[in-house]
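K.L.:
This is the structure, below, for whatever I ask next.
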Amino acid sequence: MKRTLLSLFAVATMVAATGCEPSRETRENIVHTPETTTTATATTATTTTTTVETASAPILVTLNEYSIEMPATLPSGLTKFEIRNAGQLPHNFEIEGQGIEKELEEDLAPGASGTLEVDLQPGTYRIYCPVGTHDTEHGMSTQLTVN
Ligand SMILES: [Cu+2]
């Protein structure tokens, strides 16, 4: 009996104060909804950023007369090489080692780029330009070590 009376008193007070019909549910929504929305948005933003950082970036390779600029060591696994010809002559990118022999399907014109995906296994690889005598007479080659 005491509880009922208290509740009635509370309801009566609120009706008097607001002039409309109050309910506990409505009051809770008004108080908590904005807080919940803010938290959910912040969490989503953090998750998106993490996913972008985790994705493996392509390995940049720059070809020139007569050099191949790229990392000397790389971790094993599926690797995407992004190769750019920064020189004045056509060049290509060929990788040989551990039973792998791959090159770009077409030579790169000056200023052009191409991508080559290779599943790298641990070991050493020879990387060179197969165009003309760039490798044999001009030393356009380098070595890659995969760990
Ligand atoms: Cu070349």
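Following the order of the structure tokens, chains are lettered A, B, ..., residues in each are numbered from 1, and ligands are numbered from 1.
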Find the nearest atom pair between each residue of chain A and ligand 1 for residues within 7 Å, count only C-alpha atoms and all ligand atoms, give distances in Å to one decimal, sort rows by chain and ascending number, and present the table as a tab-separated table.

P.N.:
```
residue	atom	partner	partner_atom_place_in_ligand_line	distance
A:Glu65	CA	ligand 1	1 (Cu)	6.8
A:Tyr66	CA	ligand 1	1 (Cu)	6.4
A:Pro90	CA	ligand 1	1 (Cu)	6.2
A:His91	CA	ligand 1	1 (Cu)	3.6
A:Asn92	CA	ligand 1	1 (Cu)	5.8
A:Cys129	CA	ligand 1	1 (Cu)	4.6
A:Pro130	CA	ligand 1	1 (Cu)	6.5
A:Val131	CA	ligand 1	1 (Cu)	5.1
A:His134	CA	ligand 1	1 (Cu)	4.9
A:Met140	CA	ligand 1	1 (Cu)	6.6
```

K.L.:
Counting only C-alpha atoms, what is within 12 Å of A:Ile68, bar same-chain residues fewer than 6 positions away, as a list in words?

P.N.:
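My list of contacting residues is Leu60, Val61, Thr62, Ile83, Arg84, Asn85, Ala86, Gly87, His91, Asn92, Phe93, Glu94, Ile95, Arg126, Ile127, Tyr128, Cys129, His134, Asp135, His138, Gly139, Met140, Ser141, Thr142, Gln143 and Leu144 of chain A.
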
K.L.:
May I have the selected residues written with N, CA and C atoms, as a PDB file, in the first residue's frame?

P.N.:
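As written to disk, part.pdb reads:
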```pdb
ATOM      1  N   LEU A  60      56.648  -0.980 -53.625  1.00  0.00           N
ATOM      2  CA  LEU A  60      56.942  -0.056 -54.718  1.00  0.00           C
ATOM      3  C   LEU A  60      58.312  -0.347 -55.328  1.00  0.00           C
ATOM      4  N   VAL A  61      58.345  -0.420 -56.670  1.00  0.00           N
ATOM      5  CA  VAL A  61      59.588  -0.665 -57.411  1.00  0.00           C
ATOM      6  C   VAL A  61      59.737   0.457 -58.438  1.00  0.00           C
ATOM      7  N   THR A  62      60.911   1.066 -58.496  1.00  0.00           N
ATOM      8  CA  THR A  62      61.145   2.132 -59.479  1.00  0.00           C
ATOM      9  C   THR A  62      62.249   1.705 -60.436  1.00  0.00           C
ATOM     10  N   ILE A  83      55.149  -1.533 -59.937  1.00  0.00           N
ATOM     11  CA  ILE A  83      56.370  -1.175 -60.648  1.00  0.00           C
ATOM     12  C   ILE A  83      56.143   0.056 -61.532  1.00  0.00           C
ATOM     13  N   ARG A  84      57.044   1.038 -61.384  1.00  0.00           N
ATOM     14  CA  ARG A  84      56.916   2.286 -62.156  1.00  0.00           C
ATOM     15  C   ARG A  84      58.192   2.543 -62.953  1.00  0.00           C
ATOM     16  N   ASN A  85      58.029   2.858 -64.212  1.00  0.00           N
ATOM     17  CA  ASN A  85      59.180   3.193 -65.048  1.00  0.00           C
ATOM     18  C   ASN A  85      59.420   4.702 -64.992  1.00  0.00           C
ATOM     19  N   ALA A  86      60.448   5.089 -64.255  1.00  0.00           N
ATOM     20  CA  ALA A  86      60.780   6.510 -64.102  1.00  0.00           C
ATOM     21  C   ALA A  86      61.858   6.944 -65.094  1.00  0.00           C
ATOM     22  N   GLY A  87      62.212   6.071 -66.033  1.00  0.00           N
ATOM     23  CA  GLY A  87      63.298   6.375 -66.969  1.00  0.00           C
ATOM     24  C   GLY A  87      62.820   6.924 -68.304  1.00  0.00           C
ATOM     25  N   HIS A  91      61.219  -0.416 -70.010  1.00  0.00           N
ATOM     26  CA  HIS A  91      61.829  -1.369 -69.083  1.00  0.00           C
ATOM     27  C   HIS A  91      60.794  -2.419 -68.701  1.00  0.00           C
ATOM     28  N   ASN A  92      61.276  -3.486 -68.062  1.00  0.00           N
ATOM     29  CA  ASN A  92      60.379  -4.515 -67.555  1.00  0.00           C
ATOM     30  C   ASN A  92      60.937  -4.996 -66.219  1.00  0.00           C
ATOM     31  N   PHE A  93      60.191  -5.864 -65.550  1.00  0.00           N
ATOM     32  CA  PHE A  93      60.564  -6.357 -64.221  1.00  0.00           C
ATOM     33  C   PHE A  93      60.420  -7.869 -64.256  1.00  0.00           C
ATOM     34  N   GLU A  94      61.522  -8.570 -64.033  1.00  0.00           N
ATOM     35  CA  GLU A  94      61.457 -10.033 -64.012  1.00  0.00           C
ATOM     36  C   GLU A  94      62.040 -10.539 -62.704  1.00  0.00           C
ATOM     37  N   ILE A  95      61.382 -11.512 -62.094  1.00  0.00           N
ATOM     38  CA  ILE A  95      61.841 -12.100 -60.829  1.00  0.00           C
ATOM     39  C   ILE A  95      62.051 -13.590 -61.043  1.00  0.00           C
ATOM     40  N   ARG A 126      66.646 -13.362 -58.008  1.00  0.00           N
ATOM     41  CA  ARG A 126      67.336 -12.392 -58.853  1.00  0.00           C
ATOM     42  C   ARG A 126      66.263 -11.582 -59.560  1.00  0.00           C
ATOM     43  N   ILE A 127      66.389 -10.291 -59.520  1.00  0.00           N
ATOM     44  CA  ILE A 127      65.429  -9.409 -60.177  1.00  0.00           C
ATOM     45  C   ILE A 127      66.185  -8.618 -61.219  1.00  0.00           C
ATOM     46  N   TYR A 128      65.645  -8.578 -62.440  1.00  0.00           N
ATOM     47  CA  TYR A 128      66.351  -7.869 -63.515  1.00  0.00           C
ATOM     48  C   TYR A 128      65.392  -7.357 -64.576  1.00  0.00           C
ATOM     49  N   CYS A 129      65.940  -6.521 -65.446  1.00  0.00           N
ATOM     50  CA  CYS A 129      65.164  -6.004 -66.576  1.00  0.00           C
ATOM     51  C   CYS A 129      65.517  -6.830 -67.805  1.00  0.00           C
ATOM     52  N   HIS A 134      69.851  -4.513 -71.173  1.00  0.00           N
ATOM     53  CA  HIS A 134      69.835  -3.745 -69.916  1.00  0.00           C
ATOM     54  C   HIS A 134      70.450  -4.529 -68.765  1.00  0.00           C
ATOM     55  N   ASP A 135      70.164  -5.833 -68.729  1.00  0.00           N
ATOM     56  CA  ASP A 135      70.706  -6.670 -67.648  1.00  0.00           C
ATOM     57  C   ASP A 135      72.123  -7.116 -67.975  1.00  0.00           C
ATOM     58  N   HIS A 138      74.343  -3.635 -68.975  1.00  0.00           N
ATOM     59  CA  HIS A 138      74.230  -2.420 -68.157  1.00  0.00           C
ATOM     60  C   HIS A 138      73.996  -2.697 -66.669  1.00  0.00           C
ATOM     61  N   GLY A 139      73.955  -3.990 -66.334  1.00  0.00           N
ATOM     62  CA  GLY A 139      73.825  -4.362 -64.917  1.00  0.00           C
ATOM     63  C   GLY A 139      72.524  -3.941 -64.271  1.00  0.00           C
ATOM     64  N   MET A 140      71.434  -3.950 -65.061  1.00  0.00           N
ATOM     65  CA  MET A 140      70.130  -3.560 -64.482  1.00  0.00           C
ATOM     66  C   MET A 140      69.504  -4.750 -63.794  1.00  0.00           C
ATOM     67  N   SER A 141      70.044  -5.034 -62.571  1.00  0.00           N
ATOM     68  CA  SER A 141      69.556  -6.172 -61.793  1.00  0.00           C
ATOM     69  C   SER A 141      69.810  -5.928 -60.320  1.00  0.00           C
ATOM     70  N   THR A 142      69.143  -6.704 -59.495  1.00  0.00           N
ATOM     71  CA  THR A 142      69.343  -6.605 -58.051  1.00  0.00           C
ATOM     72  C   THR A 142      68.966  -7.949 -57.430  1.00  0.00           C
ATOM     73  N   GLN A 143      69.297  -8.093 -56.125  1.00  0.00           N
ATOM     74  CA  GLN A 143      68.966  -9.343 -55.453  1.00  0.00           C
ATOM     75  C   GLN A 143      67.951  -9.085 -54.339  1.00  0.00           C
ATOM     76  N   LEU A 144      67.017 -10.026 -54.192  1.00  0.00           N
ATOM     77  CA  LEU A 144      65.989  -9.918 -53.156  1.00  0.00           C
ATOM     78  C   LEU A 144      66.109 -11.133 -52.222  1.00  0.00           C
TER      79      LEU A 144
END
```

K.L.:
Using only C-alpha atoms, pick whichever of A:Ala57, A:Leu120, A:Ala112, A:Leu104 has the shortest atom-to-atom distance to A:Pro75.

P.N.:
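Comparing A:Ala57, A:Leu120, A:Ala112, A:Leu104 against A:Pro75, the winner is A:Leu120.
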
K.L.:
With a distance cut-off of 7 Å and only C-alpha atoms, select the neighbouring residues of A:Thr145, excluding the residue or stretch itself and same-chain residues fewer than 6 positions from it, and output the selection as a tab-separated table (two decimals) with C-alpha atoms, in the first residue's frame.

P.N.:
```
chain	number	residue	atom	x	y	z
A	72	ALA	CA	66.51	-5.74	-50.50
A	73	THR	CA	64.55	-7.97	-48.08
A	74	LEU	CA	60.85	-8.83	-47.81
A	123	GLY	CA	65.10	-17.76	-50.19
A	124	THR	CA	66.96	-15.51	-52.62
A	125	TYR	CA	65.71	-14.16	-55.93
```

K.L.:
Which residues in stretch 51-130 of chain A does DSSP call helix (DSSP H, G or I)? List them as a list of chain:residue names.

P.N.:
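Matching residues, listed in order: A:Thr51, A:Val52, A:Glu53, A:Thr54.
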